[in-house]
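Read the structure below first, then the notes.
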Amino acid sequence: MSTTTSHTSEPDGPADGPARPARLIQNEATTEIPVHLLFRDDPDPAPVPLKPAVVGRRQGTGEQPRLGRPAALAPRPVPQVDPDLVERPARVLPGAAGVLAGAGGVAGCVATSWWAGLLPPLVLEALRLPAHAGAGLGPAQWAAYVGAGALGLFGFGGLARGRTGRAWVLDLFGRYRGTVRRSGLLWVNPLLLRRRVDVRLRHWRSEPVPAADGGGVALRVVVLVVWRVRDTARATLGVEDHETYLRECVEAALARVPVEMPGGARGSADAAAEALTRLVAADAAPVGLEVFSVQPLRVEYAPEVAAAMHRRRIAALDAQHRASVLTSVVDSVEDTVTRLTMRGLVELDDYERKVLVKDLTVAFCAGRGETAP
């Protein structure tokens with residue numbers, strides 16, 4: 001310890017002078033450590049106040065910063081729609097009611113015209129009405145005209161034809177009034193605004209959508225989405241355009257789920273399809289859409305990496321082919337040498353064995369169209 005202490009003391013100055021402060025090893029990114037504590041024999045060293053340690057990256061040392069644990073991610077918010085906006089059947093009447101109302105309005109207009117004496121003789125003869133001098137157009141006649149005309153317009157104007165697989169979403173001055181899923185001739189209040197919605201099972205084949213595989217290589221994926229409108233009220237009034245919303249949900253899911261190229265790991269395509277279906281169905285359910293499946297139809301590399309990945313696949317196939325050829329050659333050479341020696345046809349020392357192995361390898365490789373190593 002005396003030798004070590006002499007190396008840590010100052011080279012010049014009187015040996016019996018006053019005590020000098022201990023030298024320190026100091027770095028801007030570590031604590032100050034007294035040198036004498038490293039080589040001290042005293043079992044109870046005196047406490048030395050230390051500065052707080054600085055944990056970070058030191059410039060020029062190549063040391064990487066220490067990364068803390070990642071913070072827990074907050075759960076992704078789920079789209080919320082007005083809970084009161086739920087599909088319910090609208091009040092409609094059979095189409096016969098509208099036809100009767102319209103016919104009554106027309107009959108009222110004819111009767112008012114006969115009352116006012118405005119019907120021509122030919123119409124009187126066709127309808128077999130008695131001739132009437134008429135009272136002319138007065139307030140009573142005009143009121144009758146207005147009432148009969150309103151009844152006719154209200155009756156004929158409310159007629160609608162319901163079709164299978166189609167629905168009408170009705171609202172009055174911006175307020176939802178119900179959904180009509182019935183088929184046939186119906187009478188709907190003509191004051192209500194009608195919005196036709198397709199409720200059949202539908203499929204959508206997308207354009208090439210950006211995606212990535214498990215290694216982060218850019219891909220272009222074409223998917224097939226099978227879906228239908230389950231709640232017409234939310235699909236029509238809860239979102240601006242439910243078809244556009246569905247397309248964007250598919251794009252968002254493809255950005256989160258890795259998709260493998262065809263011929264990858266077994267079951268990877270099914271796993272990706274299941275994950276995509278689950279994500280898209282969860283995002284589309286709050287707006288009244290029911291998603292049954294999201295299946296990748298075509299997966300290809302993005303144009304910016306297609307050439308490089310094509311060369312990489314060709315190189316991998318070539319290496320695999322060379323490995324299989326080399327394995328076959330080695331097995332053939334081993335089998336040939338073993339059979340020659342075991343049957344006693346030749347006696348070979350190490351040098352002769354090596355020469356024979358080399359010649360057989362060259363011969364077998366040439367026979368397979370390969371260049372000998």
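A note on labels: chains of the structure tokens are A, B, ... as shown, every chain counts residues from 1, and ligands are counted from 1 in their shown order.
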
(request) Taking the DSSP assignment computed from this structure's backbone, write out as JSON, numbers by chain all residues of range 216-362 of chain A that belong to helix (DSSP H, G or I). (result) {"A": [232, 233, 234, 235, 236, 237, 242, 243, 244, 245, 246, 247, 248, 249, 250, 251, 252, 253, 254, 255, 256, 268, 269, 270, 271, 272, 273, 274, 275, 276, 277, 278, 279, 280, 281, 282, 283, 284, 285, 286, 287, 303, 304, 305, 306, 307, 308, 309, 310, 311, 312, 313, 314, 315, 316, 317, 318, 319, 320, 321, 322, 323, 324, 325, 326, 327, 328, 329, 330, 331, 332, 333, 334, 335, 336, 337, 338, 339, 340, 341, 342, 350, 351, 352, 353, 354, 355, 356, 357, 358, 359, 360, 361, 362]}

(request) Tell me, in Å to one decimal, how far CA of Ala148 in chain A is from CA of Gly108 in chain A. (result) 5.0 Å

(message) List as an NGL selection string the protein and nucleic acid residues near range 286-301 of chain A, meaning an atom at most 9 Å away when only C-alpha atoms are counted, but skip any in the same chain fewer than 6 places from it.
(response) :A and (78-81 or 86 or 205 or 208 or 212 or 217-239 or 242 or 246 or 250 or 259-262 or 269-270 or 272-278 or 280 or 307 or 309-310)

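Here the question is which of A:Leu201, A:Lys358, A:Ala255, A:Thr244 gets nearest to Asp213 in chain A using only C-alpha atoms, and that residue is A:Ala255.
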
(message) For a test of reading the model, state the distance in Å between CA of Val169 in chain A and CA of Arg200 in chain A, rounded to one decimal.
(response) 15.0 Å

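Counting only C-alpha atoms, the residue from A:Leu137, A:Leu185, A:Leu191, A:Ala101 that sits nearest to Phe173 in chain A is A:Leu191.
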
(message) Among range 158-187 of chain A, which residues does DSSP mark as strand (DSSP E or B) when it is run on the backbone? Keep the chain and numbering as in the structure and answer as a list in words.
(response)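 Filtering range 158-187 of chain A to strand (DSSP E or B) leaves Leu159, Ala160, Arg161, Gly162, Arg166, Ala167, Trp168, Val169, Leu170, Asp171, Leu172, Arg175, Tyr176, Arg177, Gly178, Thr179, Val180, Gly184, Leu185, Leu186 and Trp187 of chain A.
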